[in-house]
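Have a look at start19.txt below; it lists compact mmCIF, C-alpha atoms.
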# COMPACT_ATOMS: atom_id res chain seq x y z
CA GLY A 1293 -14.98 1.07 5.04
CA SER A 1294 -14.21 -2.43 3.81
CA PHE A 1295 -15.38 -6.01 4.32
CA THR A 1296 -13.84 -9.38 3.48
CA GLY A 1297 -15.91 -12.54 3.84
CA ALA A 1298 -15.36 -16.22 3.02
CA LEU A 1299 -17.98 -17.54 0.60
CA VAL A 1300 -16.31 -20.96 0.67
CA LYS A 1301 -14.24 -21.65 3.79
CA GLU A 1302 -10.51 -20.92 3.23
CA LYS A 1303 -10.99 -20.91 -0.58
CA LEU A 1304 -13.41 -18.36 -2.06
CA PHE A 1305 -13.46 -14.81 -0.67
CA LEU A 1306 -15.32 -11.57 -1.40
CA TYR A 1307 -13.87 -8.12 -0.75
CA LEU A 1308 -16.13 -5.04 -0.68
CA GLY A 1309 -14.79 -1.54 -0.13
CA ALA A 1310 -16.07 2.04 -0.34
CA ALA A 1311 -14.76 5.47 0.69
CA ASN A 1312 -15.78 9.12 0.39
CA PHE A 1313 -12.80 11.50 0.55
CA GLN A 1314 -11.21 14.48 -1.21
CA THR A 1315 -8.59 14.70 -3.95
CA LEU A 1316 -6.54 17.52 -5.48
CA ILE A 1317 -7.79 19.28 -8.62
CA VAL A 1318 -4.54 21.01 -9.65
CA PRO A 1319 -1.24 19.64 -8.22
CA GLU A 1320 0.55 22.98 -8.78
CA GLY A 1321 -2.00 24.89 -6.71
CA ARG A 1322 -2.38 25.39 -2.96
CA ILE A 1323 -2.56 22.07 -1.09
CA PRO A 1324 -4.75 22.24 2.03
CA THR A 1325 -3.61 20.44 5.15
CA ASP A 1326 -6.66 18.18 5.38
CA ASN A 1327 -10.29 17.67 4.32
CA ILE A 1328 -11.76 19.99 6.95
CA GLN A 1329 -10.66 23.22 5.26
CA ILE A 1330 -12.73 24.82 2.51
CA SER A 1331 -10.63 24.96 -0.67
CA ASP A 1332 -11.31 25.40 -4.37
CA ASN A 1333 -8.41 23.01 -5.08
CA ARG A 1334 -10.11 19.92 -3.67
CA THR A 1335 -13.16 17.99 -4.76
CA ASP A 1336 -15.23 15.24 -3.16
CA SER A 1337 -14.51 11.77 -4.52
CA PHE A 1338 -16.40 8.52 -4.03
CA VAL A 1339 -14.78 5.17 -4.75
CA TYR A 1340 -15.97 1.61 -4.40
CA GLU A 1341 -14.53 -1.80 -5.21
CA ILE A 1342 -15.93 -5.32 -5.62
CA ARG A 1343 -13.34 -8.11 -5.73
CA PRO A 1344 -14.11 -11.84 -5.47
CA TYR A 1345 -11.07 -14.12 -5.45
CA TRP A 1346 -10.24 -17.82 -5.12
CA ASP A 1347 -7.06 -18.73 -3.24
CA GLN A 1348 -6.39 -22.44 -2.72
CA ARG A 1349 -3.43 -24.74 -2.25
CA PHE A 1350 -3.21 -28.20 -3.82
CA GLY A 1351 -0.25 -29.85 -2.12
CA ASP A 1352 2.81 -27.88 -3.25
CA VAL A 1353 0.85 -25.90 -5.86
CA ASN A 1354 -1.03 -22.67 -5.13
CA LEU A 1355 -3.85 -21.30 -7.32
CA LEU A 1356 -5.09 -17.70 -7.31
CA LEU A 1357 -8.03 -16.49 -9.41
CA SER A 1358 -9.36 -12.98 -8.93
CA THR A 1359 -11.44 -10.35 -10.68
CA SER A 1360 -12.27 -6.83 -9.56
CA PHE A 1361 -14.27 -3.77 -10.49
CA TRP A 1362 -13.66 -0.31 -9.04
CA SER A 1363 -14.97 3.15 -9.81
CA ILE A 1364 -14.04 6.76 -8.95
CA ASP A 1365 -16.81 9.37 -9.13
CA TYR A 1366 -16.03 13.08 -8.64
CA ASP A 1367 -18.46 15.64 -7.30
CA ASP A 1368 -17.16 18.21 -9.81
CA GLU A 1369 -18.97 17.51 -13.10
CA GLU A 1370 -16.08 18.97 -15.13
CA LEU A 1371 -13.79 16.13 -13.99
CA GLN A 1372 -13.89 12.78 -15.76
CA ASP A 1373 -14.99 9.78 -13.70
CA SER A 1374 -13.20 6.50 -14.30
CA GLU A 1375 -13.62 2.80 -13.65
CA GLU A 1376 -11.44 -0.27 -14.01
CA ARG A 1377 -12.10 -3.95 -14.61
CA SER A 1378 -9.28 -6.40 -14.04
CA GLY A 1379 -8.59 -10.10 -13.79
CA ARG A 1380 -5.69 -12.18 -12.55
CA PHE A 1381 -4.63 -15.83 -12.75
CA ARG A 1382 -1.59 -17.32 -11.02
CA LEU A 1383 -0.48 -20.94 -10.59
CA ASP A 1384 2.88 -21.70 -8.91
CA ASN A 1385 4.82 -24.00 -6.60
CA PHE A 1386 7.01 -21.34 -4.92
CA ALA A 1387 5.95 -22.38 -1.40
CA ARG A 1388 7.77 -25.67 -1.84
CA GLN A 1389 11.19 -23.95 -1.81
CA GLN A 1390 13.09 -26.88 -3.27
CA GLY A 1391 13.91 -28.25 -6.69
CA ILE A 1392 12.35 -26.79 -9.82
CA ALA A 1393 10.26 -23.64 -9.27
CA TRP A 1394 7.66 -22.54 -11.83
CA GLN A 1395 4.82 -20.09 -12.27
CA LEU A 1396 2.11 -19.44 -14.87
CA ALA A 1397 0.42 -16.02 -14.69
CA TYR A 1398 -1.97 -13.83 -16.65
CA THR A 1399 -3.16 -10.27 -15.95
CA TYR A 1400 -5.83 -8.15 -17.65
CA ARG A 1401 -6.72 -4.50 -16.96
CA GLU A 1402 -9.11 -2.06 -18.63
CA VAL A 1403 -9.59 1.57 -17.55
CA ASP A 1404 -12.61 3.45 -18.94
CA TYR A 1405 -13.21 7.21 -18.84
CA GLU A 1406 -16.35 9.23 -19.46
CA ILE A 1407 -14.99 10.91 -22.59
CA SER A 1408 -11.35 10.00 -23.21
CA GLN A 1409 -10.06 6.89 -24.91
CA SER A 1410 -10.05 3.81 -22.67
CA TRP A 1411 -6.82 1.95 -21.90
CA GLU A 1412 -6.32 -1.83 -21.88
CA PHE A 1413 -3.37 -3.95 -20.83
CA GLN A 1414 -2.69 -7.71 -20.92
CA ARG A 1415 0.29 -9.75 -19.77
CA ALA A 1416 0.94 -13.52 -19.95
CA GLU A 1417 4.11 -15.05 -18.54
CA LEU A 1418 5.93 -18.28 -17.69
CA SER A 1419 8.62 -18.34 -15.02
CA LEU A 1420 11.07 -21.21 -14.52
CA GLY A 1421 13.74 -21.47 -11.86
CA TYR A 1422 15.54 -23.68 -9.39
CA TRP A 1423 15.96 -23.59 -5.61
CA ILE A 1424 19.53 -24.07 -4.35
CA ASN A 1425 19.63 -25.53 -0.82
CA GLY A 1426 16.10 -24.24 -0.25
CA LYS A 1427 17.40 -20.70 0.21
CA VAL A 1428 18.31 -19.27 -3.22
CA ARG A 1429 16.02 -19.34 -6.25
CA LEU A 1430 17.45 -18.53 -9.67
CA PHE A 1431 14.77 -17.78 -12.24
CA GLY A 1432 14.01 -16.56 -15.73
CA THR A 1433 10.68 -15.24 -16.96
CA GLY A 1434 9.37 -14.71 -20.47
CA GLY A 1435 6.08 -13.88 -22.10
CA GLN A 1436 4.06 -11.35 -24.04
CA GLU A 1437 2.28 -8.17 -23.03
CA THR A 1438 0.48 -5.20 -24.53
CA SER A 1439 3.01 -2.75 -25.95
CA PHE A 1440 3.16 0.53 -24.04
CA ASP A 1441 2.85 2.37 -27.39
CA ASN A 1442 -0.30 0.44 -28.34
CA LEU A 1443 -3.02 2.92 -27.34
CA PHE A 1444 -6.16 1.51 -28.87
CA GLU A 1445 -5.82 -2.28 -28.74
CA SER A 1446 -4.93 -4.71 -25.98
CA ASN A 1447 -3.16 -7.23 -28.23
CA MET A 1448 -0.21 -8.91 -26.56
CA ASP A 1449 2.13 -7.89 -29.36
CA ALA A 1450 5.31 -7.21 -27.34
CA ASP A 1451 7.75 -9.81 -26.05
CA PHE A 1452 9.40 -9.34 -22.66
CA TRP A 1453 11.88 -11.21 -20.48
CA GLU A 1454 13.29 -11.03 -16.98
CA THR A 1455 15.99 -12.84 -15.04
CA GLY A 1456 16.93 -12.65 -11.39
CA PHE A 1457 17.27 -14.40 -8.06
CA GLN A 1458 15.54 -14.68 -4.70
CA TYR A 1459 17.26 -15.25 -1.34
CA ALA A 1460 14.93 -16.46 1.43
CA PRO A 1461 16.90 -18.32 4.14
CA ASN A 1462 14.15 -17.95 6.75
CA GLU A 1463 10.86 -16.19 7.51
CA ARG A 1464 12.66 -13.03 8.70
CA LEU A 1465 14.61 -12.23 5.52
CA ASN A 1466 13.55 -12.09 1.87
CA LEU A 1467 15.61 -10.54 -0.94
CA GLU A 1468 14.64 -10.54 -4.63
CA LEU A 1469 16.36 -8.77 -7.55
CA ALA A 1470 15.54 -8.91 -11.26
CA VAL A 1471 16.41 -7.18 -14.53
CA GLY A 1472 14.62 -7.47 -17.84
CA ASP A 1473 13.48 -5.86 -21.06
CA ARG A 1474 9.95 -4.61 -21.75
CA SER A 1475 8.22 -2.62 -24.47
CA TYR A 1476 9.24 0.72 -22.89
CA GLY A 1477 12.89 -0.26 -22.38
CA GLN A 1478 15.00 -1.94 -19.72
CA SER A 1479 13.20 -2.89 -16.54
CA TYR A 1480 14.50 -3.30 -12.98
CA ARG A 1481 12.87 -4.38 -9.76
CA GLY A 1482 14.02 -5.38 -6.33
CA SER A 1483 12.79 -5.83 -2.78
CA LEU A 1484 14.33 -6.53 0.60
CA THR A 1485 12.34 -7.28 3.74
CA SER A 1486 14.11 -7.95 7.01
CA ARG A 1487 12.34 -8.52 10.31
CA VAL A 1488 14.48 -7.75 13.32
CA ARG A 1489 13.75 -8.22 17.00
CA ARG A 1490 12.22 -4.76 17.44
CA GLY A 1491 10.61 -4.16 14.02
CA PHE A 1492 11.34 -4.46 10.33
CA ILE A 1493 13.18 -2.83 7.43
CA SER A 1494 12.05 -2.88 3.81
CA LEU A 1495 13.53 -1.55 0.57
CA SER A 1496 11.82 -1.77 -2.80
CA TYR A 1497 12.09 -0.54 -6.37
CA SER A 1498 9.89 -1.28 -9.38
CA ASP A 1499 8.84 0.16 -12.72
CA GLY A 1500 5.85 -0.46 -14.97
CA PRO A 1501 2.92 1.13 -16.84
CA ALA A 1502 0.38 3.01 -14.71
CA THR A 1503 -2.47 5.52 -14.91
CA ARG A 1504 -3.10 8.46 -12.59
CA SER A 1505 -6.64 7.35 -11.73
CA GLU A 1506 -5.22 3.99 -10.66
CA LEU A 1507 -2.83 5.66 -8.22
CA ILE A 1508 -5.57 7.87 -6.77
CA PHE A 1509 -7.67 4.77 -6.16
CA ASP A 1510 -4.80 2.86 -4.52
CA ARG A 1511 -3.93 5.79 -2.20
CA ARG A 1512 -7.36 6.60 -0.85
CA PRO A 1513 -7.84 8.63 1.26
CA ILE A 1514 -5.19 11.06 0.04
CA LEU A 1515 -3.13 13.06 2.55
CA ASP A 1516 -4.40 10.87 5.38
CA LYS A 1517 -2.79 11.90 8.69
CA GLY A 1518 -0.80 14.61 6.95
CA GLY A 1519 0.98 12.20 4.57
CA LEU A 1520 2.59 13.45 1.37
CA ASP A 1521 1.90 10.54 -1.01
CA GLY A 1522 -0.80 12.29 -3.02
CA VAL A 1523 0.72 15.68 -3.82
CA LEU A 1524 1.24 14.73 -7.50
CA ASP A 1525 -2.31 13.50 -8.04
CA GLU A 1526 -4.78 15.33 -10.24
CA SER A 1527 -8.50 14.54 -10.11
CA GLY A 1528 -10.05 13.47 -13.40
CA ALA A 1529 -6.70 13.22 -15.20
CA THR A 1530 -6.44 10.55 -17.91
CA ASP A 1531 -2.68 10.45 -18.45
CA ARG A 1532 -0.69 7.23 -18.43
CA PHE A 1533 3.04 6.78 -17.97
CA VAL A 1534 5.87 4.52 -16.90
CA LEU A 1535 6.08 4.73 -13.12
CA LYS A 1536 9.47 4.25 -11.49
CA ARG A 1537 9.26 4.12 -7.70
CA GLY A 1538 11.75 3.38 -4.93
CA GLU A 1539 11.00 3.28 -1.20
CA ILE A 1540 12.82 2.69 2.09
CA LEU A 1541 10.80 1.97 5.24
CA LEU A 1542 12.14 1.51 8.78
CA ASP A 1543 9.78 0.66 11.66
CA LEU A 1544 11.30 0.08 15.13
CA GLU A 1545 9.37 -0.45 18.34
CA THR A 1546 10.38 -0.92 21.96
CA ALA A 1547 8.34 -1.28 25.13
CA LYS A 1548 7.82 2.51 25.28
CA THR A 1549 8.64 4.03 21.90
CA GLU A 1550 8.02 3.56 18.17
CA ILE A 1551 10.02 5.14 15.33
CA VAL A 1552 8.91 5.11 11.69
CA PHE A 1553 11.14 6.51 8.94
CA ARG A 1554 10.15 6.46 5.27
CA VAL A 1555 11.77 7.79 2.10
CA PHE A 1556 10.37 7.34 -1.38
CA ALA A 1557 10.85 8.80 -4.85
CA GLU A 1558 8.69 8.58 -7.97
CA ASP A 1559 9.49 9.36 -11.60
CA ARG A 1560 6.68 9.42 -14.15
CA ILE A 1561 8.20 9.23 -17.62
CA ASN A 1562 6.88 8.71 -21.16
CA ARG A 1563 3.64 10.43 -20.12
CA THR A 1564 0.83 10.72 -22.67
CA THR A 1565 -2.86 11.57 -22.63
CA ALA A 1566 -5.35 8.77 -23.15
CA GLU A 1567 -5.37 9.69 -26.86
CA GLY A 1568 -1.57 9.49 -27.11
CA ASP A 1569 -0.60 13.17 -27.04
CA PRO A 1570 2.79 13.58 -25.30
CA LEU A 1571 3.01 15.14 -21.84
CA ASP A 1572 5.97 16.28 -19.78
CA ASP A 1573 7.57 14.14 -17.08
CA GLU A 1574 6.97 14.49 -13.35
CA ARG A 1575 8.93 13.55 -10.25
CA ILE A 1576 8.64 13.71 -6.48
CA ALA A 1577 10.86 12.85 -3.52
CA VAL A 1578 9.47 12.52 0.03
CA ALA A 1579 11.00 11.92 3.48
CA GLU A 1580 8.85 11.32 6.58
CA PHE A 1581 9.75 10.66 10.23
CA ASP A 1582 7.41 9.79 13.13
CA TRP A 1583 8.24 9.22 16.80
CA SER A 1584 5.84 8.26 19.59
CA TRP A 1585 6.31 7.51 23.29
CA ARG A 1586 3.91 5.67 25.57
CA VAL A 1587 3.75 7.71 28.76
CA GLY A 1588 1.47 5.23 30.52
CA SER A 1589 -0.90 2.39 29.78
CA ARG A 1590 -3.41 4.73 28.10
CA THR A 1591 -1.46 7.83 26.99
CA SER A 1592 1.12 8.40 24.26
CA ILE A 1593 2.75 11.53 22.86
CA GLY A 1594 4.86 12.14 19.77
CA PHE A 1595 5.74 14.20 16.74
CA GLY A 1596 6.02 13.82 12.97
CA LEU A 1597 8.07 15.59 10.28
CA GLY A 1598 7.73 15.48 6.51
CA PHE A 1599 9.39 17.03 3.47
CA ALA A 1600 8.46 16.78 -0.22
CA ASP A 1601 10.30 18.10 -3.28
CA ARG A 1602 8.03 18.03 -6.33
CA GLU A 1603 8.89 18.86 -9.95
CA THR A 1604 6.32 19.08 -12.74
CA LEU A 1605 7.18 20.26 -16.24
CA ARG A 1606 4.28 22.03 -17.96
CA SER A 1607 4.03 23.58 -21.42
CA LEU A 1608 2.43 27.02 -21.86
CA ASP A 1609 -0.07 27.73 -24.63
CA ASP A 1610 2.77 28.83 -26.94
CA GLY A 1611 4.64 25.57 -26.28
CA THR A 1612 7.24 27.04 -23.91
CA PRO A 1613 8.18 24.47 -21.22
CA VAL A 1614 8.05 25.74 -17.62
CA LEU A 1615 9.43 23.80 -14.66
CA TYR A 1616 7.33 24.02 -11.49
CA ASP A 1617 9.40 23.24 -8.39
CA ASP A 1618 7.51 22.97 -5.10
CA LYS A 1619 8.78 22.41 -1.57
CA ILE A 1620 6.34 21.17 1.07
CA THR A 1621 7.20 20.71 4.75
CA THR A 1622 4.96 19.43 7.53
CA GLY A 1623 5.27 19.16 11.30
CA THR A 1624 2.89 17.56 13.81
CA LEU A 1625 2.75 17.30 17.61
CA PHE A 1626 0.16 14.97 19.11
CA ALA A 1627 -1.10 13.34 22.28
CA THR A 1628 -3.44 10.33 22.36
CA TYR A 1629 -5.50 8.96 25.23
CA SER A 1630 -7.15 5.53 24.95
CA PHE A 1631 -10.43 4.73 26.69
CA GLY A 1632 -10.01 1.04 25.90
CA GLU A 1633 -9.70 -1.08 22.77
CA ARG A 1634 -12.53 0.71 20.91
CA ALA A 1635 -12.26 4.42 21.71
CA SER A 1636 -9.50 7.05 21.81
CA LEU A 1637 -9.07 10.84 21.94
CA ARG A 1638 -6.27 12.57 19.99
CA ALA A 1639 -5.13 16.21 20.22
CA GLU A 1640 -2.93 17.59 17.42
CA TYR A 1641 -0.94 20.66 16.51
CA ARG A 1642 -0.11 20.66 12.79
CA ARG A 1643 1.97 23.05 10.68
CA ARG A 1644 2.43 22.95 6.91
CA GLU A 1645 4.38 25.26 4.61
CA GLN A 1646 4.34 25.20 0.82
CA SER A 1647 6.43 27.27 -1.58
CA GLY A 1648 6.59 26.98 -5.35
CA GLU A 1649 8.39 28.43 -8.34
CA PRO A 1650 7.56 29.95 -10.76
CA ALA A 1651 3.86 29.76 -9.88
CA GLY A 1652 4.53 31.76 -6.74
CA VAL A 1653 2.38 29.58 -4.48
CA GLU A 1654 3.12 30.53 -0.88
CA ASN A 1655 1.01 28.79 1.72
CA GLN A 1656 1.45 28.55 5.49
CA GLU A 1657 -1.12 26.83 7.68
CA THR A 1658 -1.43 26.10 11.39
CA GLN A 1659 -4.08 23.79 12.84
CA TYR A 1660 -5.25 22.64 16.23
CA ARG A 1661 -7.37 19.51 16.07
CA LEU A 1662 -9.25 17.27 18.51
CA LEU A 1663 -10.15 13.86 17.08
CA VAL A 1664 -12.38 11.13 18.54
CA GLN A 1665 -11.95 7.61 17.14
CA LEU A 1666 -14.44 4.79 17.66
CA SER A 1667 -14.05 1.20 16.48
CA LEU A 1668 -17.20 -0.89 16.09
Conversion result in structure tokens:
Amino acid sequence: GSFTGALVKEKLFLYLGAANFQTLIVPEGRIPTDNIQISDNRTDSFVYEIRPYWDQRFGDVNLLLSTSFWSIDYDDEELQDSEERSGRFRLDNFARQQGIAWQLAYTYREVDYEISQSWEFQRAELSLGYWINGKVRLFGTGGQETSFDNLFESNMDADFWETGFQYAPNERLNLELAVGDRSYGQSYRGSLTSRVRRGFISLSYSDGPATRSELIFDRRPILDKGGLDGVLDESGATDRFVLKRGEILLDLETAKTEIVFRVFAEDRINRTTAEGDPLDDERIAVAEFDWSWRVGSRTSIGFGLGFADRETLRSLDDGTPVLYDDKITTGTLFATYSFGERASLRAEYRRREQSGEPAGVENQETQYRLLVQLSL
């Protein structure tokens, strides 16, 4: 559950969140369909977050100050727990959308593990640009950040730069593209959001340093509703890497139907342990499709399909590299009946198949589920 409250009206806020769910122990092993099944490849995880933040506008200038603390605790004592402290400062006049555009920003992150070496990251930047006709913003950004190769200190000893443009002619369309150079090499990012009459379309790509515990925290609960986001996660892992991720999302809705289509791909390169020992790269590609139809005012039916192609390169004890290639497919049929705004009943038929080489993991599961949802 989560809670957000205003400590000072429209200025100072407090976010509190907590969840108890399950995560994978070994990504190459059998992946159960959900949390109900008994499996030796899942462990209970408890996470919580405390995040106060100040968000206020002074005329054309917006100020954001935030700090947060989160923790992941595993039920399995052999897995390392982790926690992160972070802070963020941002001051900009982007909302003005005319004339000179500027931004000052600073970010700090520290991830601590029970045994392994902690990881710290800092980034300070200044962005300057100019709005053309209130629709196009050309900008350049420069600053300093912690070098990706700097394992034991958080000194901002690496220069970086970025240049790009933003196109925002109205509230329905926003396009931003940028290219730059960071401590791990060339950097690219881009996003497109378009709101149409019946829904929206979004495309995005970004790269940057990340840790596996951070991704597990952001994705809680993993494999929710049969999703495939978390099939690369590994509980208690301390590796860090450069994460390159691209995603396409299409959500269309009419008076009777809703269609959601999502494709994303992740590459995790330059992987190392917390102590700096090199690890092999990982990648995953996922496609998901959901369709639902409202039969009446209270009833809807639909189906969902998903496919994941996962590659993890692992080294044997003698140093021989072995490529693990897994294919995971899912299919779901469902019917939902609503008793009002606060209660609903959902019946599901779910099928999942997993095959992997060379580990030889072959897993086929069929489930029938009846779910009751209450909102308080």
Length of the atom CA of Ala1470 of chain A to atom CA of Asp1441 of chain A vector [Å]: 23.4 Å
Could you give me the axis-aligned bounding box of segment 1461-1466 of chain A, with 3 Å of padding per side, as centre plus edge lengths in Å to one decimal, as AutoDock Vina command-line options?
--center_x 13.9 --center_y -15.2 --center_z 5.3 --size_x 12.0 --size_y 12.2 --size_z 12.8
Neighbour list for Phe1626 of chain A as an NGL selection string, cut-off 6 Å, only C-alpha atoms, skip fewer than 2 positions in-chain: :A and (1593-1594 or 1639-1640)
Pairwise distance for atom CA of Gln1478 of chain A and atom CA of Gly1456 of chain A, rounded to one decimal in Å: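 Value for the atom CA of Gln1478 of chain A-atom CA of Gly1456 of chain A distance: 13.7 Å.
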Nearest to Arg1563 of chain A by atom-to-atom distance, counting all atoms listed in the file, from A:Gly1596, A:Pro1501, A:Gly1379, A:Pro1344: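 Ranked by minimum distance to Arg1563 of chain A, first place goes to A:Pro1501.
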Contacts of Arg1643 of chain A at 12 Å (all atoms listed in the file; same-chain gap of 6+ positions) as a list in words: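 Here the qualifying residues turn out to be Pro1324, Thr1325, Asp1326, Gly1518, Phe1595, Gly1596, Leu1597, Gly1598, Phe1599, Ile1620, Thr1621, Thr1622, Gly1623, Thr1624, Leu1625, Phe1626, Asn1655, Gln1656, Glu1657, Thr1658, Gln1659, Tyr1660 and Arg1661 of chain A.
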Could you save those same residues with C-alpha atoms as a PDB file, in the frame of the given file?
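Contents of out_22.pdb, as written:
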ATOM      1  CA  PRO A1324      -4.750  22.240   2.030  1.00  0.00           C
ATOM      2  CA  THR A1325      -3.610  20.440   5.150  1.00  0.00           C
ATOM      3  CA  ASP A1326      -6.660  18.180   5.380  1.00  0.00           C
ATOM      4  CA  GLY A1518      -0.800  14.610   6.950  1.00  0.00           C
ATOM      5  CA  PHE A1595       5.740  14.200  16.740  1.00  0.00           C
ATOM      6  CA  GLY A1596       6.020  13.820  12.970  1.00  0.00           C
ATOM      7  CA  LEU A1597       8.070  15.590  10.280  1.00  0.00           C
ATOM      8  CA  GLY A1598       7.730  15.480   6.510  1.00  0.00           C
ATOM      9  CA  PHE A1599       9.390  17.030   3.470  1.00  0.00           C
ATOM     10  CA  ILE A1620       6.340  21.170   1.070  1.00  0.00           C
ATOM     11  CA  THR A1621       7.200  20.710   4.750  1.00  0.00           C
ATOM     12  CA  THR A1622       4.960  19.430   7.530  1.00  0.00           C
ATOM     13  CA  GLY A1623       5.270  19.160  11.300  1.00  0.00           C
ATOM     14  CA  THR A1624       2.890  17.560  13.810  1.00  0.00           C
ATOM     15  CA  LEU A1625       2.750  17.300  17.610  1.00  0.00           C
ATOM     16  CA  PHE A1626       0.160  14.970  19.110  1.00  0.00           C
ATOM     17  CA  ASN A1655       1.010  28.790   1.720  1.00  0.00           C
ATOM     18  CA  GLN A1656       1.450  28.550   5.490  1.00  0.00           C
ATOM     19  CA  GLU A1657      -1.120  26.830   7.680  1.00  0.00           C
ATOM     20  CA  THR A1658      -1.430  26.100  11.390  1.00  0.00           C
ATOM     21  CA  GLN A1659      -4.080  23.790  12.840  1.00  0.00           C
ATOM     22  CA  TYR A1660      -5.250  22.640  16.230  1.00  0.00           C
ATOM     23  CA  ARG A1661      -7.370  19.510  16.070  1.00  0.00           C
TER      24      ARG A1661
END
Among the residues A:Tyr1405, A:Tyr1345, A:Trp1423, A:Phe1361, the one that comes closest to Thr1503 of chain A [using all atoms listed in the file]: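 Between A:Tyr1405, A:Tyr1345, A:Trp1423, A:Phe1361, the residue approaching Thr1503 of chain A most closely is A:Tyr1405.
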Within 7 Å of Arg1532 of chain A using all atoms listed in the file, minus same-chain residues under 4 positions, as a ChimeraX atom specification: /A:1502-1504,1563-1566
A:Arg1586, A:Arg1388, A:Lys1619, A:Arg1489 ranked by distance to Asp1352 of chain A, top pick (using all atoms listed in the file):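 Closest to Asp1352 of chain A of all the choices is A:Arg1388.
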Two-atom distance - atom CA of Phe1556 of chain A, atom CA of Asp1601 of chain A (Å): 10.9 Å
Protein/DNA/RNA residues near (13.6, -12.1, -6.0), cut 10 Å, all atoms listed in the file, as a list of chain:residue names: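 Residues with an atom at most 10 Å from (13.6, -12.1, -6.0): A:Val1428, A:Arg1429, A:Leu1430, A:Phe1431, A:Thr1455, A:Gly1456, A:Phe1457, A:Gln1458, A:Tyr1459, A:Ala1460, A:Asn1466, A:Leu1467, A:Glu1468, A:Leu1469, A:Ala1470, A:Arg1481, A:Gly1482, A:Ser1483, A:Leu1484.
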Distance criterion (all atoms listed in the file): nearest to Thr1438 of chain A out of A:Ala1416, A:Val1664, A:Leu1535, A:Ile1576: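 The shortest atom-to-atom distance to Thr1438 of chain A comes from A:Ala1416.
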Produce a table with one row for each residue of segment 1377-1410 of chain A that has an atom at most 7 Å from any atom of segment 1355-1358 of chain A, each row naming the nearest atom pair and its distance in Å at one decimal; use all atoms listed in the file; arrange rows by chain and rising residue number; format as JSON lines.
{"residue": "A:Gly1379", "atom": "CA", "partner": "A:Ser1358", "partner_atom": "CA", "distance": 5.7}
{"residue": "A:Arg1380", "atom": "CA", "partner": "A:Ser1358", "partner_atom": "CA", "distance": 5.2}
{"residue": "A:Phe1381", "atom": "CA", "partner": "A:Leu1357", "partner_atom": "CA", "distance": 4.8}
{"residue": "A:Arg1382", "atom": "CA", "partner": "A:Leu1356", "partner_atom": "CA", "distance": 5.1}
{"residue": "A:Leu1383", "atom": "CA", "partner": "A:Leu1355", "partner_atom": "CA", "distance": 4.7}
{"residue": "A:Asp1384", "atom": "CA", "partner": "A:Leu1355", "partner_atom": "CA", "distance": 6.9}
Distance query Leu1666 of chain A at most 7 Å, all atoms listed in the file, self and fewer than 6 positions along chain excluded, as a PyMOL selection string: chain A and resi 1634-1636
Write out as a tab-separated table the residues of segment 1423-1521 of chain A that have any atom within 8 Å of an atom of segment 1537-1546 of chain A, one row each with the nearest atom pair and its distance in Å to one decimal, counting all atoms listed in the file, sorted by chain and then rising number.
residue	atom	partner	partner_atom	distance
A:Arg1490	CA	A:Glu1545	CA	5.2
A:Gly1491	CA	A:Leu1544	CA	4.4
A:Phe1492	CA	A:Asp1543	CA	5.5
A:Ile1493	CA	A:Leu1542	CA	4.7
A:Ser1494	CA	A:Leu1541	CA	5.2
A:Leu1495	CA	A:Ile1540	CA	4.6
A:Ser1496	CA	A:Glu1539	CA	5.4
A:Tyr1497	CA	A:Gly1538	CA	4.2
A:Ser1498	CA	A:Arg1537	CA	5.7
A:Asp1499	CA	A:Arg1537	CA	6.4
Mind writing the picked residues with C-alpha atoms as a PDB file, in the frame of the given file?
ATOM      1  CA  ARG A1490      12.220  -4.760  17.440  1.00  0.00           C
ATOM      2  CA  GLY A1491      10.610  -4.160  14.020  1.00  0.00           C
ATOM      3  CA  PHE A1492      11.340  -4.460  10.330  1.00  0.00           C
ATOM      4  CA  ILE A1493      13.180  -2.830   7.430  1.00  0.00           C
ATOM      5  CA  SER A1494      12.050  -2.880   3.810  1.00  0.00           C
ATOM      6  CA  LEU A1495      13.530  -1.550   0.570  1.00  0.00           C
ATOM      7  CA  SER A1496      11.820  -1.770  -2.800  1.00  0.00           C
ATOM      8  CA  TYR A1497      12.090  -0.540  -6.370  1.00  0.00           C
ATOM      9  CA  SER A1498       9.890  -1.280  -9.380  1.00  0.00           C
ATOM     10  CA  ASP A1499       8.840   0.160 -12.720  1.00  0.00           C
TER      11      ASP A1499
END
Nearest to Asp1373 of chain A, chosen from A:Ser1667, A:Ser1589, A:Asn1442, A:Ser1337, with all atoms listed in the file counted in the distances: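 So, comparing all the options, the nearest one is A:Ser1337.
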Contacts of segment 1362-1369 of chain A within 6 Å, all atoms listed in the file, excl. fewer than 4 positions in-chain, as a list of chain:residue names: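 My reading of the contact set: A:Asp1336, A:Ser1337, A:Phe1338, A:Val1339, A:Tyr1340, A:Glu1341, A:Asp1373, A:Ser1374, A:Glu1375, A:Glu1376.
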